[in-house]
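> Dropping in run.tsv, which is TSV, C-alpha atoms:
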```tsv
chain	number	residue	atom	x	y	z
A	1	MET	CA	94.30	113.37	-34.70
A	2	ASN	CA	91.46	112.93	-32.19
A	3	VAL	CA	90.66	109.20	-32.02
A	4	ALA	CA	87.97	107.41	-29.99
A	5	VAL	CA	89.05	103.85	-29.16
A	6	CYS	CA	85.70	102.10	-28.75
A	7	PHE	CA	85.34	98.69	-27.12
A	8	ASN	CA	82.49	96.66	-25.65
A	9	GLN	CA	82.15	95.94	-21.96
A	10	VAL	CA	80.49	92.71	-20.82
A	11	PRO	CA	78.04	91.99	-17.98
A	12	ASP	CA	79.23	90.19	-14.86
A	13	THR	CA	76.98	87.26	-15.76
A	14	LEU	CA	76.79	86.15	-19.38
A	15	ARG	CA	73.41	85.21	-20.82
A	16	LYS	CA	74.78	82.18	-22.66
A	17	GLY	CA	77.86	79.99	-22.75
A	18	GLU	CA	80.18	78.98	-19.94
A	19	ALA	CA	81.12	81.21	-17.00
A	20	GLY	CA	84.77	81.06	-18.08
A	21	ASP	CA	83.90	82.57	-21.47
A	22	ARG	CA	84.03	85.97	-19.84
A	23	ILE	CA	87.83	85.87	-20.05
A	24	SER	CA	87.78	86.21	-23.83
A	25	GLU	CA	84.71	88.47	-23.84
A	26	ALA	CA	86.51	90.95	-21.58
A	27	GLY	CA	89.62	90.84	-23.77
A	28	ALA	CA	88.38	93.79	-25.84
A	29	GLU	CA	89.22	96.16	-22.98
A	30	THR	CA	92.82	94.90	-22.75
A	31	GLU	CA	93.10	95.25	-26.52
A	32	ALA	CA	91.75	98.82	-26.31
A	33	TYR	CA	94.41	99.88	-23.80
A	34	ALA	CA	97.14	98.51	-26.10
A	35	VAL	CA	95.70	100.32	-29.15
A	36	ARG	CA	95.39	103.60	-27.22
A	37	LYS	CA	99.01	103.32	-26.09
A	38	ALA	CA	100.16	102.70	-29.68
A	39	LEU	CA	98.12	105.62	-31.02
A	40	ARG	CA	99.53	107.99	-28.41
A	41	ALA	CA	103.05	106.77	-29.16
A	42	ILE	CA	102.68	107.88	-32.78
A	43	GLY	CA	101.32	111.30	-31.83
A	44	HIS	CA	97.54	110.94	-31.82
A	45	LYS	CA	95.15	112.07	-29.11
A	46	ALA	CA	93.39	108.82	-28.24
A	47	GLU	CA	90.69	108.27	-25.61
A	48	LEU	CA	88.92	105.08	-24.53
A	49	THR	CA	85.17	105.07	-25.10
A	50	PRO	CA	83.59	101.97	-23.53
A	51	LEU	CA	80.25	100.64	-24.74
A	52	GLY	CA	78.23	99.33	-21.82
A	53	SER	CA	74.54	98.50	-21.54
A	54	ASP	CA	73.38	102.08	-22.23
A	55	ILE	CA	73.56	103.01	-25.92
A	56	SER	CA	72.35	106.57	-25.26
A	57	LYS	CA	75.21	107.20	-22.82
A	58	PHE	CA	77.71	105.81	-25.34
A	59	ILE	CA	76.43	108.13	-28.08
A	60	LYS	CA	76.58	111.16	-25.75
A	61	GLU	CA	80.19	110.33	-24.84
A	62	LEU	CA	81.10	110.09	-28.53
A	63	HIS	CA	79.47	113.43	-29.30
A	64	ALA	CA	81.28	115.04	-26.36
A	65	LEU	CA	84.63	113.67	-27.54
A	66	GLU	CA	84.03	114.72	-31.16
A	67	PRO	CA	86.44	112.16	-32.63
A	68	GLU	CA	87.75	112.58	-36.14
A	69	VAL	CA	87.83	108.80	-36.47
A	70	ILE	CA	86.83	105.77	-34.38
A	71	PHE	CA	89.10	102.81	-33.80
A	72	ASN	CA	86.41	100.13	-33.60
A	73	LEU	CA	87.16	97.27	-31.20
A	74	CYS	CA	83.52	96.51	-30.37
A	75	GLU	CA	82.98	92.75	-30.67
A	76	GLY	CA	79.32	92.78	-29.65
A	77	PHE	CA	76.87	94.48	-27.34
A	78	TRP	CA	76.58	93.66	-23.64
A	79	GLY	CA	77.49	89.99	-23.98
A	80	ASP	CA	75.80	89.42	-27.34
A	81	SER	CA	78.42	88.88	-30.05
A	82	ARG	CA	75.77	88.75	-32.78
A	83	LYS	CA	75.24	92.49	-32.34
A	84	GLU	CA	78.81	93.30	-33.46
A	85	MET	CA	77.47	94.39	-36.85
A	86	HIS	CA	74.94	96.69	-35.20
A	87	ILE	CA	77.66	98.78	-33.57
A	88	ALA	CA	79.38	99.36	-36.92
A	89	ALA	CA	75.97	100.29	-38.36
A	90	LEU	CA	75.53	102.77	-35.50
A	91	PHE	CA	78.81	104.47	-36.42
A	92	ASP	CA	77.59	104.69	-40.01
A	93	LEU	CA	74.32	106.29	-38.88
A	94	LEU	CA	76.16	108.77	-36.68
A	95	GLY	CA	78.48	109.64	-39.56
A	96	TYR	CA	81.77	108.71	-37.94
A	97	PRO	CA	84.50	107.03	-40.00
A	98	TYR	CA	85.77	103.90	-38.27
A	99	THR	CA	88.37	101.17	-38.67
A	100	GLY	CA	87.62	97.65	-39.77
A	101	SER	CA	84.91	95.91	-41.72
A	102	PRO	CA	81.43	97.30	-42.51
A	103	PRO	CA	78.23	95.89	-40.94
A	104	LEU	CA	77.32	93.39	-43.65
A	105	SER	CA	80.78	91.84	-43.68
A	106	LEU	CA	80.82	91.60	-39.87
A	107	GLY	CA	77.39	89.96	-39.82
A	108	LEU	CA	78.24	87.50	-42.57
A	109	THR	CA	81.57	86.38	-41.13
A	110	GLN	CA	79.98	86.07	-37.67
A	111	ASP	CA	77.72	83.39	-39.19
A	112	LYS	CA	80.00	80.42	-39.90
A	113	VAL	CA	77.32	78.61	-41.90
A	114	ARG	CA	76.52	81.49	-44.27
A	115	THR	CA	80.25	82.13	-44.71
A	116	LYS	CA	80.75	78.52	-45.77
A	117	ASP	CA	77.74	78.73	-48.12
A	118	VAL	CA	79.37	81.68	-49.89
A	119	LEU	CA	82.77	79.99	-50.01
A	120	VAL	CA	81.30	76.82	-51.54
A	121	ARG	CA	79.29	78.75	-54.11
A	122	HIS	CA	82.44	80.49	-55.30
A	123	GLY	CA	84.59	77.37	-55.43
A	124	LEU	CA	86.77	77.99	-52.38
A	125	PRO	CA	87.66	74.86	-50.37
A	126	THR	CA	86.08	74.42	-46.94
A	127	PRO	CA	85.25	71.26	-44.95
A	128	ARG	CA	81.94	69.62	-45.84
A	129	PHE	CA	79.29	70.51	-43.30
A	130	VAL	CA	75.68	70.55	-42.12
A	131	LEU	CA	73.79	72.91	-39.82
A	132	VAL	CA	71.77	71.45	-36.96
A	133	LYS	CA	69.32	74.12	-35.86
A	134	THR	CA	68.05	74.42	-32.30
A	135	GLY	CA	65.18	72.00	-31.81
A	136	GLU	CA	66.38	69.53	-34.45
A	137	GLN	CA	66.96	66.12	-32.89
A	138	PHE	CA	68.45	63.98	-35.64
A	139	PRO	CA	71.24	65.55	-37.71
A	140	ARG	CA	71.42	64.56	-41.38
A	141	ILE	CA	75.06	63.58	-41.69
A	142	SER	CA	74.93	60.66	-44.14
A	143	ASP	CA	77.32	62.43	-46.52
A	144	LEU	CA	79.88	63.36	-43.84
A	145	ILE	CA	82.78	61.23	-42.67
A	146	PHE	CA	83.78	60.91	-39.01
A	147	PRO	CA	85.55	62.35	-37.10
A	148	LEU	CA	83.39	65.48	-37.12
A	149	PHE	CA	83.96	68.89	-35.55
A	150	VAL	CA	80.97	70.47	-33.75
A	151	LYS	CA	81.01	74.26	-33.22
A	152	PRO	CA	78.58	77.03	-32.23
A	153	ARG	CA	77.26	78.71	-35.37
A	154	PHE	CA	77.86	82.32	-34.33
A	155	GLU	CA	80.73	82.40	-31.81
A	156	ASP	CA	84.39	83.25	-32.32
A	157	ALA	CA	87.52	83.28	-30.10
A	158	SER	CA	87.20	79.46	-29.78
A	159	LEU	CA	84.11	79.80	-27.58
A	160	GLY	CA	82.50	76.41	-27.11
A	161	ILE	CA	85.55	74.57	-28.46
A	162	THR	CA	87.03	71.77	-26.32
A	163	PHE	CA	88.53	68.37	-27.07
A	164	GLU	CA	84.96	67.03	-26.87
A	165	SER	CA	84.14	69.11	-29.95
A	166	ILE	CA	85.71	66.34	-32.07
A	167	VAL	CA	83.33	63.38	-32.19
A	168	GLU	CA	83.89	59.87	-33.51
A	169	ASN	CA	80.36	58.46	-33.65
A	170	GLU	CA	76.68	59.38	-33.59
A	171	PRO	CA	76.13	59.17	-29.79
A	172	GLU	CA	79.06	61.59	-29.24
A	173	LEU	CA	77.76	63.79	-32.04
A	174	LYS	CA	74.25	64.06	-30.58
A	175	LYS	CA	75.65	64.78	-27.12
A	176	ARG	CA	77.83	67.60	-28.42
A	177	ILE	CA	75.01	69.10	-30.48
A	178	ARG	CA	72.82	69.16	-27.37
A	179	TYR	CA	75.62	70.92	-25.51
A	180	ILE	CA	75.84	73.66	-28.16
A	181	HIS	CA	72.05	74.07	-28.27
A	182	ASP	CA	71.63	74.18	-24.49
A	183	THR	CA	74.74	76.16	-23.53
A	184	TYR	CA	75.12	78.60	-26.43
A	185	ARG	CA	71.46	78.75	-27.50
A	186	GLN	CA	72.16	78.58	-31.21
A	187	GLY	CA	72.55	76.16	-34.06
A	188	ALA	CA	75.47	73.74	-34.23
A	189	LEU	CA	77.81	73.67	-37.21
A	190	VAL	CA	78.91	70.10	-37.88
A	191	GLU	CA	81.82	69.77	-40.30
A	192	GLU	CA	84.35	67.13	-41.28
A	193	PHE	CA	87.49	67.40	-39.20
A	194	ILE	CA	90.52	68.19	-41.36
A	195	ASP	CA	93.55	66.53	-39.79
A	196	GLY	CA	96.23	68.80	-41.19
A	197	ARG	CA	98.42	71.81	-40.48
A	198	GLU	CA	96.66	74.85	-38.98
A	199	ILE	CA	97.60	78.07	-40.76
A	200	ASN	CA	96.53	81.65	-39.98
A	201	ALA	CA	96.65	84.11	-42.88
A	202	ALA	CA	96.53	87.77	-41.84
A	203	VAL	CA	95.37	90.16	-44.56
A	204	LEU	CA	95.75	93.95	-44.71
A	205	GLY	CA	94.40	96.45	-47.21
A	206	ASN	CA	91.41	97.33	-49.35
A	207	THR	CA	91.76	98.12	-53.05
A	208	SER	CA	95.26	96.69	-52.83
A	209	SER	CA	95.31	93.87	-50.27
A	210	GLU	CA	98.22	91.75	-49.11
A	211	THR	CA	98.80	88.74	-46.92
A	212	LEU	CA	101.33	89.10	-44.13
A	213	PRO	CA	103.77	86.26	-43.36
A	214	LEU	CA	101.75	83.10	-42.74
A	215	SER	CA	101.64	81.70	-39.21
A	216	GLU	CA	101.29	78.07	-38.18
A	217	ILE	CA	99.78	76.76	-34.95
A	218	ARG	CA	101.72	73.69	-33.84
A	219	PHE	CA	100.25	71.18	-31.43
A	220	SER	CA	102.28	69.04	-29.05
A	221	GLN	CA	102.01	65.27	-29.36
A	222	GLY	CA	100.70	65.28	-25.79
A	223	LEU	CA	97.42	67.00	-26.71
A	224	ALA	CA	94.34	64.83	-26.90
A	225	ARG	CA	93.27	66.66	-30.08
A	226	PRO	CA	95.29	68.92	-32.42
A	227	ILE	CA	92.90	71.89	-32.25
A	228	VAL	CA	92.88	75.42	-30.87
A	229	SER	CA	90.54	74.90	-27.94
A	230	TYR	CA	89.22	77.69	-25.73
A	231	ALA	CA	91.70	76.69	-23.03
A	232	GLY	CA	94.51	76.54	-25.58
A	233	LYS	CA	93.72	80.08	-26.69
A	234	TRP	CA	92.90	81.82	-23.40
A	235	LEU	CA	93.86	79.88	-20.26
A	236	GLU	CA	97.59	80.39	-19.84
A	237	GLU	CA	97.87	77.96	-16.94
A	238	SER	CA	96.32	75.09	-18.92
A	239	THR	CA	98.10	72.17	-20.56
A	240	GLU	CA	96.38	73.05	-23.83
A	241	PHE	CA	97.87	76.56	-23.80
A	242	SER	CA	101.41	75.41	-23.11
A	243	ASN	CA	101.17	72.77	-25.84
A	244	THR	CA	99.80	75.12	-28.52
A	245	GLU	CA	102.68	77.03	-30.14
A	246	PRO	CA	102.53	79.65	-32.92
A	247	VAL	CA	105.34	79.63	-35.48
A	248	CYS	CA	105.71	82.63	-37.79
A	249	PRO	CA	106.68	82.59	-40.58
A	250	ALA	CA	105.37	79.07	-41.16
A	251	PRO	CA	107.76	76.71	-42.98
A	252	LEU	CA	106.04	76.11	-46.31
A	253	ASN	CA	107.12	75.23	-49.83
A	254	VAL	CA	106.46	77.63	-52.69
A	255	GLN	CA	103.31	75.89	-53.94
A	256	GLU	CA	101.77	75.61	-50.47
A	257	GLU	CA	102.42	79.25	-49.70
A	258	PHE	CA	100.97	80.38	-53.03
A	259	ARG	CA	97.77	78.37	-52.54
A	260	LEU	CA	97.32	79.56	-48.95
A	261	ARG	CA	97.81	83.22	-49.82
A	262	ASP	CA	95.55	82.92	-52.86
A	263	VAL	CA	92.56	81.43	-51.03
A	264	ALA	CA	92.99	83.87	-48.12
A	265	LEU	CA	92.93	86.90	-50.41
A	266	ARG	CA	90.01	85.54	-52.42
A	267	ALA	CA	87.97	84.91	-49.26
A	268	TYR	CA	88.86	88.36	-47.89
A	269	LYS	CA	87.63	90.08	-51.04
A	270	LEU	CA	84.62	87.81	-51.51
A	271	LEU	CA	83.28	88.57	-48.04
A	272	GLU	CA	84.11	92.26	-48.47
A	273	CYS	CA	86.35	92.50	-45.43
A	274	ARG	CA	87.94	95.88	-44.88
A	275	ASP	CA	91.30	97.10	-43.52
A	276	TYR	CA	92.34	93.85	-41.83
A	277	ALA	CA	91.18	90.28	-41.25
A	278	ARG	CA	92.48	86.80	-40.46
A	279	VAL	CA	91.64	83.68	-42.43
A	280	ASP	CA	92.01	80.38	-40.55
A	281	ILE	CA	92.95	77.44	-42.76
A	282	ARG	CA	93.76	73.74	-42.47
A	283	LEU	CA	96.30	72.47	-45.00
A	284	ARG	CA	95.92	68.79	-45.90
A	285	ASP	CA	97.52	67.06	-48.89
A	286	GLY	CA	98.28	70.44	-50.43
A	287	VAL	CA	94.65	71.62	-50.22
A	288	PRO	CA	93.97	74.75	-48.08
A	289	TYR	CA	90.56	74.26	-46.43
A	290	ILE	CA	89.13	77.52	-45.09
A	291	LEU	CA	87.76	77.08	-41.56
A	292	GLU	CA	86.76	80.67	-40.78
A	293	VAL	CA	87.13	84.23	-41.98
A	294	ASN	CA	87.61	86.60	-39.05
A	295	ALA	CA	86.72	90.19	-39.86
A	296	ASN	CA	88.04	92.59	-37.19
A	297	PRO	CA	90.08	89.89	-35.41
A	298	ASP	CA	92.00	90.42	-32.19
A	299	ILE	CA	94.82	92.91	-32.80
A	300	SER	CA	96.33	92.97	-29.33
A	301	PRO	CA	100.17	92.91	-29.33
A	302	THR	CA	100.36	89.16	-28.59
A	303	ALA	CA	97.64	88.09	-31.04
A	304	GLY	CA	98.21	86.36	-34.36
A	305	LEU	CA	97.74	89.35	-36.62
A	306	ALA	CA	100.28	91.46	-34.73
A	307	ARG	CA	102.68	88.49	-34.75
A	308	SER	CA	102.44	88.24	-38.54
A	309	ALA	CA	102.90	91.99	-38.86
A	310	LEU	CA	106.06	91.85	-36.76
A	311	ALA	CA	107.42	89.09	-39.00
A	312	ALA	CA	106.90	91.55	-41.87
A	313	GLU	CA	108.95	94.13	-39.93
A	314	LEU	CA	105.81	96.08	-39.13
A	315	SER	CA	105.96	97.10	-35.46
A	316	TYR	CA	102.80	97.22	-33.38
A	317	PRO	CA	102.48	101.04	-33.47
A	318	LYS	CA	103.07	100.98	-37.24
A	319	LEU	CA	100.39	98.29	-37.66
A	320	ILE	CA	97.87	100.36	-35.70
A	321	ASP	CA	98.82	103.48	-37.64
A	322	ARG	CA	98.37	101.67	-40.95
A	323	ILE	CA	94.89	100.48	-39.98
A	324	LEU	CA	93.95	103.97	-38.79
A	325	ASN	CA	95.14	105.53	-42.03
A	326	MET	CA	92.88	103.25	-44.05
A	327	ALA	CA	89.87	104.63	-42.15
A	328	LEU	CA	91.14	108.18	-42.64
A	329	LYS	CA	91.31	107.63	-46.40
A	330	ARG	CA	87.59	106.77	-46.35
A	331	LYS	CA	86.94	110.02	-44.47
A	332	GLU	CA	88.83	111.96	-47.11
A	333	SER	CA	86.73	110.23	-49.78
A	334	GLY	CA	83.61	111.84	-48.35
A	335	HIS	CA	82.20	109.12	-46.04
A	336	ALA	CA	82.68	111.19	-42.93
A	337	LYS	CA	80.65	113.12	-40.44
A	338	PRO	CA	79.85	116.53	-42.00
```
Could I get this structure in the form of structure tokens?

Amino acid sequence: MNVAVCFNQVPDTLRKGEAGDRISEAGAETEAYAVRKALRAIGHKAELTPLGSDISKFIKELHALEPEVIFNLCEGFWGDSRKEMHIAALFDLLGYPYTGSPPLSLGLTQDKVRTKDVLVRHGLPTPRFVLVKTGEQFPRISDLIFPLFVKPRFEDASLGITFESIVENEPELKKRIRYIHDTYRQGALVEEFIDGREINAAVLGNTSSETLPLSEIRFSQGLARPIVSYAGKWLEESTEFSNTEPVCPAPLNVQEEFRLRDVALRAYKLLECRDYARVDIRLRDGVPYILEVNANPDISPTAGLARSALAAELSYPKLIDRILNMALKRKESGHAKP
């Protein structure tokens, strides 16, 4: 099978955010090398196809390669994560079958506020929240209870998340909102902080979907805040990283596990995710509060989804092969390049 492993490159200087954010932004290339290695190990002809600043060049390279399927690892376009959905739409227009979620699902899950709107409307638990748009000076938070968690509306990979993201009063809240507005140039999501266990639920499948073994993120008592900060996720030399430990499978009782799996699957289907996704949840007093739904999450060998797959006795090459086969089934159904 001829497979194009597509990933997005990033400019040397990002147009928004912190300079250190480039570490996570450039992670797609590392992920692509791992996926190519796995595909070749199971007998496929796999080639890397990087997406840089020139869309025309990217399209020409795809046409020259003539892939039978695309393994889509594009998380944005030239430093703009909000254009992730556009790349999937491009593959649709070109007629290539590809792995992962379709454009609408990618765009919806990229927007944390719209995701939470949908979850609330359909009765799925998520922390109470407000959106503070750029230019708004006085957030309307009368119904929310401190401490509050302030996040960029459209970013993932813990971008913009530090211990200062948890605020205890209005002066801290306004300062953090200004930081999000000025640094990330987007609205700020303000939600109630759920002080509970952090659980990641990896989901695989389409018509028949399943949750893999649930994973828990444990935080050392020495951390200032029990959250997955950017440093805790990406900076291996940091105190946050060394004090943030994944445990898979997570020790849960029968009722907790049932509720967690149920809300993860319902969110996955509701947002029309495809092939694979990860649902991040906080469990407090038996209630699983959905924090985010990550369509096309990181699937590098050390990432959470691969960790859950391994706990299910699904090796990394087998995980990649399973995801690829789901895209191939769509091709066989007639949604392929003629």
> Counting only C-alpha atoms, find residues at most 12 Å from (84.8, 115.3, -36.8) (file frame) and give them as a PyMOL selection string.
chain A and resi 1-4+62-70+94-98+328+331-332+335-338
> Determine, counting all atoms listed in the file, every residue of protein, DNA or RNA that lies within 10 Å of (106.0, 94.1, -43.7) in the file coordinates, then give the result as number ranges by chain.
A: 210-213, 308-315, 318-319
> Tell me, counting all atoms listed in the file, for each residue of segment 254-314 of chain A within 12 Å of segment 228-240 of chain A, which pair of atoms is nearest and how far apart they are in Å to one decimal, in rows ordered by chain and increasing number, as CSV.

```
residue,atom,partner,partner_atom,distance
A:Asp280,CA,A:Val228,CA,10.9
A:Arg282,CA,A:Val228,CA,11.8
A:Leu291,CA,A:Val228,CA,12.0
A:Asp298,CA,A:Lys233,CA,11.8
A:Thr302,CA,A:Lys233,CA,11.4
A:Ala303,CA,A:Lys233,CA,9.9
A:Gly304,CA,A:Lys233,CA,10.9
```
> Between A:Pro171, A:Gly100, A:Pro125, A:Pro246, which is the closest to Arg259 of chain A once you count all atoms listed in the file?
A:Pro125
> Which is closest to Leu223 of chain A among A:Tyr184, A:Phe71, A:Phe163, A:Tyr268, if we use all atoms listed in the file?
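Using all atoms listed in the file, the shortest distance to Leu223 of chain A belongs to A:Phe163.
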> Using only C-alpha atoms, which of the listed residues (A:Asp275, A:Ile42, A:Pro50, A:Arg121) sits closest to Ser208 of chain A?
A:Asp275
> Could you tell me how far atom CA of Phe149 of chain A sits from atom CA of Ile161 of chain A, in Å to one decimal place?
9.2 Å
> Just checking: using only C-alpha atoms, which residue out of A:Ala188, A:Ile166, A:Leu173, A:Val247 ends up closest to Pro152 of chain A?
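Looking only at the distances to Pro152 of chain A, the closest residue turns out to be A:Ala188.
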> Using all atoms listed in the file, which of A:Arg322, A:Arg218, A:His86, A:Lys133 sits nearest Val113 of chain A?
A:Lys133
> Excluding same-chain residues fewer than 4 positions from Tyr179 of chain A, what lies within 12 Å of it counting all atoms listed in the file, as a PyMOL selection string?
chain A and resi 16-18+134+150-152+160-162+164-165+172-175+183-188
> Can you measure atom CA of Asp262 of chain A to atom CA of Ile323 of chain A for me? One decimal in Å is fine.
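Between atom CA of Asp262 of chain A and atom CA of Ile323 of chain A the gap is 21.8 Å.
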